[in-house]
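K.L.:
I have a structure I would like to understand better, so I am pasting it below and will then ask my questions one at a time.
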2 protein chains.
Amino acid sequence: MAVSPRDSAAVLAQAAVTVGPLIRSRVSGLPPEIRHVAGLHFGWWNDDGAALETAPAHKSVRPALTLLACQAVGGRAEAAAPAAVAVELVHNASLLHDDIIDHAPQRRGRPALWAAKGLPAAILAGDALFFTAVQTLADLPEASRTVPVLLACVQALIEGEYLDTLLEATADATEHQVLAVAAGKTGELLACACELGAAAHNAGPERAGHLRAFGHHLGIAFQRMDDVLGIWGDQAVTGKPALSDLRARKMTLPVATAMTGDTPSARELRALYRAQEPLTGEECLRAAELIEKTSAREATLERARQYTADALKHLDLAQPEPQAGAELTALAELLTARDR
Amino acid sequence: MAVSPRDSAAVLAQAAVTVGPLIRSRVSGLPPEIRHVAGLHFGWWNDDGAALETAPAHKSVRPALTLLACQAVGGRAEAAAPAAVAVELVHNASLLHDDIIDHAPQRRGRPALWAAKGLPAAILAGDALFFTAVQTLADLPEASRTVPVLLACVQALIEGEYLDTLLEATADATEHQVLAVAAGKTGELLACACELGAAAHNAGPERAGHLRAFGHHLGIAFQRMDDVLGIWGDQAVTGKPALSDLRARKMTLPVATAMTGDTPSARELRALYRAQEPLTGEECLRAAELIEKTSAREATLERARQYTADALKHLDLAQPEPQAGAELTALAELLTARDR
């Protein structure tokens, strides 16, 4: 039976429908006080415990990858649902801790949990969701194969996040270091999402390995496109103002590339990034101009294209079932599009 | 072969010798940047990476319980070493996060990691140690029995810690609430330490259950004695100044008990705990006096004695091997002694 591939919007919506209730049921098993603040993070209720009519739908990129990876190796999406839940819980746990670390006051259009309920709530809710993720896999018969994959992924994720804070503190980074951060912070979890999806149908090591590599390269490409949008993106599309990554002095690939070398532009950009005060609007514009001058923007876009192409090569080598393969390709293109 | 029981100092020292190198080897497997800050927390090296000649020995109470619980059901201590490592890693992970939450600037006579290296290092090193703990168990053949026990324990631990911060924020608590915090923060991990020790020799559910209950009651008794020492303890013994728990306005059992009711003492103590400013030395002395007046000190000591007695009853019901039973009894008595 030939089925035509769904478009990515339908794929993402279906993933949200599949994992949403399972995440909610898992979090419901937490002790009451932590459950309450975890639900605040997800937008399920307000601080009085009143259910929010329209819980904000959030992107289900990672669960979609897990479900599709399972289908790509011939399994049913439902078989990978617990793995998709685990991956999404890890993602949310790390958001809770990252928002503290980055002093990010907002998350999904609402105050971040640390800003709304304090540091203890956000640290401990993050801890709880991390462990809930492991519990989701530990309960399954294939736990001995899947739990170690998730644990190794989280350790790499943590290192990536920590490397990121170290790079931002030094205000100086090489392209290699910036790529290592993206590999840890974004690549590992997308790789794990795909690998666990394949594992849910007990795929052989070669197919699982290629799906893992697909996710890993896709994660880095995604992060590179994020870098470009964080400087030159349209607020209507990205949800954050143009230049916001410069204002926050994030160490992204365009910045690291533009800083390299001993040109006047590189020197001026380094000096801006080393200033103690937050950058003014004018300084942000100047920084963006300096980055353009060095063609670091084009170089970053080229990197994103390369990583996307590599991701799709691995997808091809995984010999995916046709529909899932087409849907994974479309999703990869969406995630690395300039207007995503 | 009749062997005479070792004294508790020898038991604790042997536990440190057994688990120390294994903890170090586990942490060595972490990615480099996180490994570095984790080693700072353990006192293995300084920030330049130079090994510290005398890494501060730290108490190995939890590992000792795990090893002894395994011996109590007829196993060899070594069989429980990975479980003891996992429990000690969870303990250290939670210390890293608790010190942030409690604004505690010192840990084991050195600056706490958050104070020395910042919030990101301490949050992420805590995350990494939590996952290292799970990895330690996940690698073993009995993982399907032991990992869920550890995960459930950590969820209860997290809730206990969060309840504690909520109680301190309200400056008002019932004895029931304070006992629930101790059950979560201290009881659960000691219970888990004992249960995992028994599980390492595949003890039957009844013996394992009684050893678990022994650890749980012991944890609560230990916490109650801590409450008393935190107010009236000798700095030379406790390592922290007398009255320190009052200065920090910790919600301990003597405080909660003394606040109960509508007597003038209770009202005055409630007012002191609700003040916005830190308590002065004079106010701390006054608070201690008010607590004495209500006989809350004696009531707390009586609670500690009851929980210790209940712990020992469960130990007896576990029908421990004689030497391990005697050593567990001695350790329980040490941990709940007034001059520990």
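Ordered as shown in the structure tokens, chains take letters A, B, and onward, while each chain numbers its residues from 1 and ligands are numbered from 1 in the order shown.
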I need the chain B residues near chain A as a short mmCIF file (atom, residue, chain, number, x, y, z; two decimals) with all heavy atoms, in the first residue's frame; criterion: at most 7 Å, counting only C-alpha atoms.
P.N.:
```cif
data_model
loop_
_atom_site.label_atom_id
_atom_site.label_comp_id
_atom_site.auth_asym_id
_atom_site.auth_seq_id
_atom_site.Cartn_x
_atom_site.Cartn_y
_atom_site.Cartn_z
N PRO B 31 33.24 13.43 30.55
CA PRO B 31 33.95 14.32 29.63
C PRO B 31 34.80 15.32 30.44
O PRO B 31 34.49 15.62 31.60
CB PRO B 31 32.83 15.04 28.88
CG PRO B 31 31.61 14.21 29.08
CD PRO B 31 31.78 13.52 30.39
N GLU B 33 35.68 18.64 30.88
CA GLU B 33 35.40 19.87 31.64
C GLU B 33 34.54 19.59 32.88
O GLU B 33 34.76 20.17 33.95
CB GLU B 33 34.72 20.92 30.75
CG GLU B 33 35.53 21.35 29.54
CD GLU B 33 36.84 22.05 29.89
OE1 GLU B 33 37.01 22.47 31.05
OE2 GLU B 33 37.71 22.13 29.00
N ILE B 34 33.58 18.71 32.71
CA ILE B 34 32.72 18.36 33.84
C ILE B 34 33.50 17.51 34.85
O ILE B 34 33.33 17.65 36.06
CB ILE B 34 31.47 17.61 33.34
CG1 ILE B 34 30.43 18.62 32.87
CG2 ILE B 34 30.88 16.69 34.36
CD1 ILE B 34 29.86 19.47 33.99
N ILE B 101 20.85 25.80 46.48
CA ILE B 101 19.51 26.12 46.97
C ILE B 101 19.58 26.77 48.35
O ILE B 101 18.86 27.72 48.64
CB ILE B 101 18.65 24.84 46.98
CG1 ILE B 101 18.34 24.44 45.53
CG2 ILE B 101 17.39 25.00 47.81
CD1 ILE B 101 17.74 23.06 45.37
N LEU B 119 27.41 29.05 39.33
CA LEU B 119 26.19 28.26 39.26
C LEU B 119 26.21 27.21 38.15
O LEU B 119 25.82 26.06 38.36
CB LEU B 119 25.03 29.23 39.03
CG LEU B 119 23.76 29.02 39.80
CD1 LEU B 119 24.02 28.98 41.29
CD2 LEU B 119 22.77 30.12 39.47
N PRO B 120 26.64 27.57 36.92
CA PRO B 120 26.60 26.57 35.84
C PRO B 120 27.40 25.32 36.20
O PRO B 120 26.92 24.19 36.02
CB PRO B 120 27.22 27.30 34.65
CG PRO B 120 26.94 28.74 34.91
CD PRO B 120 27.03 28.90 36.40
N ALA B 121 28.61 25.51 36.73
CA ALA B 121 29.45 24.36 37.08
C ALA B 121 28.75 23.48 38.10
O ALA B 121 28.74 22.24 37.96
CB ALA B 121 30.79 24.84 37.63
N LEU B 124 25.54 21.71 36.63
CA LEU B 124 25.85 20.68 35.63
C LEU B 124 26.67 19.54 36.22
O LEU B 124 26.47 18.38 35.85
CB LEU B 124 26.56 21.32 34.43
CG LEU B 124 25.65 22.30 33.65
CD1 LEU B 124 26.48 23.15 32.69
CD2 LEU B 124 24.55 21.56 32.91
N ALA B 128 25.58 15.69 36.22
CA ALA B 128 26.48 14.63 35.73
C ALA B 128 26.64 13.53 36.78
O ALA B 128 26.62 12.34 36.44
CB ALA B 128 27.84 15.22 35.37
N PHE B 131 23.63 11.26 36.91
CA PHE B 131 23.59 10.27 35.83
C PHE B 131 24.70 9.24 35.96
O PHE B 131 24.52 8.09 35.58
CB PHE B 131 23.63 10.97 34.46
CG PHE B 131 22.30 11.53 34.10
CD1 PHE B 131 21.98 12.84 34.36
CD2 PHE B 131 21.34 10.70 33.56
CE1 PHE B 131 20.72 13.34 34.06
CE2 PHE B 131 20.08 11.18 33.26
CZ PHE B 131 19.77 12.52 33.52
N GLN B 135 24.34 5.26 35.85
CA GLN B 135 25.20 4.45 34.97
C GLN B 135 25.89 3.32 35.73
O GLN B 135 26.06 2.22 35.22
CB GLN B 135 26.26 5.35 34.31
CG GLN B 135 25.69 6.19 33.17
CD GLN B 135 26.71 7.14 32.56
OE1 GLN B 135 27.40 7.86 33.28
NE2 GLN B 135 26.81 7.15 31.24
N ALA B 138 23.32 0.72 36.01
CA ALA B 138 22.77 0.26 34.72
C ALA B 138 23.69 -0.74 34.03
O ALA B 138 23.25 -1.53 33.21
CB ALA B 138 22.49 1.45 33.80
N PRO B 148 15.41 0.81 39.07
CA PRO B 148 14.15 1.43 39.51
C PRO B 148 14.15 1.85 40.98
O PRO B 148 13.54 2.86 41.34
CB PRO B 148 13.10 0.34 39.24
CG PRO B 148 13.69 -0.50 38.15
CD PRO B 148 15.17 -0.51 38.44
N LEU B 151 16.04 5.15 41.13
CA LEU B 151 15.28 6.24 40.50
C LEU B 151 14.14 6.71 41.40
O LEU B 151 13.93 7.91 41.58
CB LEU B 151 14.74 5.79 39.14
CG LEU B 151 15.79 5.44 38.07
CD1 LEU B 151 15.12 4.87 36.83
CD2 LEU B 151 16.65 6.64 37.71
N GLN B 155 13.62 10.51 43.20
CA GLN B 155 12.41 11.34 43.08
C GLN B 155 11.90 11.75 44.46
O GLN B 155 11.48 12.89 44.66
CB GLN B 155 11.31 10.59 42.31
CG GLN B 155 11.65 10.27 40.85
CD GLN B 155 11.69 11.49 39.92
OE1 GLN B 155 11.85 12.63 40.36
NE2 GLN B 155 11.57 11.25 38.62
N ILE B 158 14.23 14.47 45.87
CA ILE B 158 13.98 15.77 45.24
C ILE B 158 12.75 16.43 45.86
O ILE B 158 12.76 17.62 46.20
CB ILE B 158 13.78 15.58 43.72
CG1 ILE B 158 15.10 15.17 43.06
CG2 ILE B 158 13.21 16.84 43.07
CD1 ILE B 158 14.95 14.65 41.63
N GLU B 159 11.69 15.64 46.04
CA GLU B 159 10.49 16.20 46.66
C GLU B 159 10.79 16.66 48.09
O GLU B 159 10.34 17.74 48.50
CB GLU B 159 9.36 15.15 46.66
CG GLU B 159 8.07 15.59 47.35
CD GLU B 159 7.17 16.48 46.49
OE1 GLU B 159 7.60 16.88 45.38
OE2 GLU B 159 6.04 16.77 46.92
N TYR B 162 12.56 19.91 47.97
CA TYR B 162 11.69 21.02 47.56
C TYR B 162 10.72 21.40 48.67
O TYR B 162 10.50 22.58 48.96
CB TYR B 162 10.95 20.67 46.26
CG TYR B 162 10.23 21.87 45.68
CD1 TYR B 162 10.88 23.10 45.56
CD2 TYR B 162 8.90 21.79 45.29
CE1 TYR B 162 10.22 24.21 45.06
CE2 TYR B 162 8.25 22.89 44.78
CZ TYR B 162 8.90 24.10 44.67
OH TYR B 162 8.25 25.20 44.18
#
```
K.L.:
As a VMD selection string, list the residues of stretch 67-191 of chain A assigned to strand (DSSP E) by DSSP on the backbone atoms of this structure.
P.N.:
chain A and resid 106 to 107 110 to 111
K.L.:
If you measure from atom CA of A:Glu175 to atom CA of A:Leu243, what distance in Å do you get, rounded to one decimal?
P.N.:
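Here the two named atoms are 20.1 Å from each other.
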K.L.:
Check the DSSP output for the backbone and give back, as a PyMOL selection string, the residues of stretch 112-300 of chain B in alpha helix (DSSP H).
P.N.:
chain B and resi 113-117+119-138+143-170+175-182+188-200+205-232+235-238+244-247+253-259+264-274+281-293+296-300
K.L.:
Extract, using only C-alpha atoms, all DNA, RNA and protein residues at most 9 Å from A:Glu188, discarding same-chain residues fewer than 5 positions from it, and format them as a PDB file with N, CA and C atoms, in the first residue's frame.
P.N.:
```pdb
ATOM      1  N   CYS A 153      24.084   9.907  26.335  1.00  0.00           N
ATOM      2  CA  CYS A 153      23.660  11.128  25.648  1.00  0.00           C
ATOM      3  C   CYS A 153      23.606  12.294  26.624  1.00  0.00           C
ATOM      4  N   VAL A 154      23.011  12.072  27.778  1.00  0.00           N
ATOM      5  CA  VAL A 154      22.863  13.183  28.721  1.00  0.00           C
ATOM      6  C   VAL A 154      24.231  13.657  29.208  1.00  0.00           C
ATOM      7  N   ALA A 156      26.951  13.722  27.527  1.00  0.00           N
ATOM      8  CA  ALA A 156      27.511  14.554  26.459  1.00  0.00           C
ATOM      9  C   ALA A 156      26.803  15.907  26.382  1.00  0.00           C
ATOM     10  N   LEU A 157      25.509  15.880  26.612  1.00  0.00           N
ATOM     11  CA  LEU A 157      24.694  17.104  26.625  1.00  0.00           C
ATOM     12  C   LEU A 157      25.186  18.056  27.718  1.00  0.00           C
ATOM     13  N   ALA A 182      27.968  22.583  19.811  1.00  0.00           N
ATOM     14  CA  ALA A 182      26.738  22.199  19.095  1.00  0.00           C
ATOM     15  C   ALA A 182      26.592  20.690  19.044  1.00  0.00           C
ATOM     16  N   ALA A 183      27.712  19.990  18.871  1.00  0.00           N
ATOM     17  CA  ALA A 183      27.661  18.526  18.846  1.00  0.00           C
ATOM     18  C   ALA A 183      27.109  18.016  20.174  1.00  0.00           C
ATOM     19  N   ALA A 193      17.709  10.650  19.909  1.00  0.00           N
ATOM     20  CA  ALA A 193      16.299  10.523  19.514  1.00  0.00           C
ATOM     21  C   ALA A 193      16.162   9.504  18.384  1.00  0.00           C
ATOM     22  N   ARG A 212      21.480   7.367  13.789  1.00  0.00           N
ATOM     23  CA  ARG A 212      22.112   8.169  14.825  1.00  0.00           C
ATOM     24  C   ARG A 212      22.945   9.294  14.190  1.00  0.00           C
ATOM     25  N   GLY A 215      20.832  12.074  12.820  1.00  0.00           N
ATOM     26  CA  GLY A 215      20.384  12.999  13.865  1.00  0.00           C
ATOM     27  C   GLY A 215      21.503  13.924  14.330  1.00  0.00           C
ATOM     28  N   HIS A 216      22.683  13.364  14.447  1.00  0.00           N
ATOM     29  CA  HIS A 216      23.812  14.145  14.953  1.00  0.00           C
ATOM     30  C   HIS A 216      24.154  15.292  14.001  1.00  0.00           C
ATOM     31  N   GLY A 219      21.465  17.896  13.931  1.00  0.00           N
ATOM     32  CA  GLY A 219      21.515  18.774  15.108  1.00  0.00           C
ATOM     33  C   GLY A 219      22.505  19.903  14.928  1.00  0.00           C
TER      34      GLY A 219
END
```
K.L.:
Could you list, as a count of residues only, every residue within 8 Å of B:Val85, counting only C-alpha atoms and ignoring same-chain residues fewer than 3 positions away?
P.N.:
10
K.L.:
At what distance in Å, to one decimal, does atom CA of A:Val87 lie from atom CA of A:Gly39?
P.N.:
17.5 Å
K.L.:
Considering only C-alpha atoms, return as a list in words whatever protein or nucleic-acid residues lie within 8 Å of stretch 255-261 of chain A, sequence-local ones (same chain, fewer than 4 positions apart) excluded.
P.N.:
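Those residues are Asp172, Ala173, Thr174, Glu175, Val178, Met251, Ser265, Ala266, Arg267, Leu269, Arg270, Leu290, Ile291, Thr294, Ser295 and Ala296 of chain A.
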K.L.:
I'd like the interatomic distance between atom CA of A:Ala248 and atom CA of A:Leu279, to a tenth of an Å.
P.N.:
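Atom-to-atom, atom CA of A:Ala248 and atom CA of A:Leu279 are spaced 7.8 Å apart.
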K.L.:
Contacts of B:His314 at 12 Å or less, counting only C-alpha atoms, minus same-chain residues fewer than 2 places along, as a ChimeraX atom specification?
P.N.:
/B:191,194,206-218,307-312,316-320,325,328-329
K.L.:
Using C-alpha atoms, can you write the selected residues to a file as a short mmCIF file (atom, residue, chain, number, x, y, z; two decimals), in the first residue's frame?
P.N.:
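Wrote it out as result.cif, contents follow:
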```cif
data_model
loop_
_atom_site.label_atom_id
_atom_site.label_comp_id
_atom_site.auth_asym_id
_atom_site.auth_seq_id
_atom_site.Cartn_x
_atom_site.Cartn_y
_atom_site.Cartn_z
CA ALA B 191 16.67 3.30 52.99
CA CYS B 194 20.31 -0.56 52.68
CA GLU B 206 11.06 -9.51 53.47
CA ARG B 207 14.67 -9.15 54.60
CA ALA B 208 15.28 -6.41 52.05
CA GLY B 209 12.13 -4.63 53.20
CA HIS B 210 13.21 -4.69 56.84
CA LEU B 211 16.68 -3.45 55.98
CA ARG B 212 15.07 -0.70 53.94
CA ALA B 213 12.86 0.26 56.89
CA PHE B 214 15.93 0.19 59.17
CA GLY B 215 17.64 2.74 56.91
CA HIS B 216 14.54 4.88 56.63
CA HIS B 217 13.96 5.16 60.37
CA LEU B 218 17.66 5.64 60.98
CA TYR B 307 13.05 6.39 65.48
CA THR B 308 16.36 4.77 66.44
CA ALA B 309 14.53 2.11 68.42
CA ASP B 310 12.19 1.46 65.48
CA ALA B 311 15.17 1.23 63.15
CA LEU B 312 16.80 -1.37 65.37
CA ASP B 316 16.35 -7.39 64.15
CA LEU B 317 13.43 -8.53 61.98
CA ALA B 318 15.81 -8.69 59.00
CA GLN B 319 17.64 -11.47 60.87
CA PRO B 320 21.07 -10.12 59.98
CA GLY B 325 24.08 -6.97 62.54
CA LEU B 328 24.92 -1.94 61.81
CA THR B 329 23.66 -1.54 65.37
#
```
K.L.:
Find the spatial neighbours of stretch 40-52 of chain A, counting only C-alpha atoms, within a cut-off of 10 Å - ignore same-chain residues fewer than 5 positions away - and output them as a PyMOL selection string.
P.N.:
chain A and resi 23-24+34-35+57-58+92-93+95-96+107-108+110-114+116-117+122+125-126
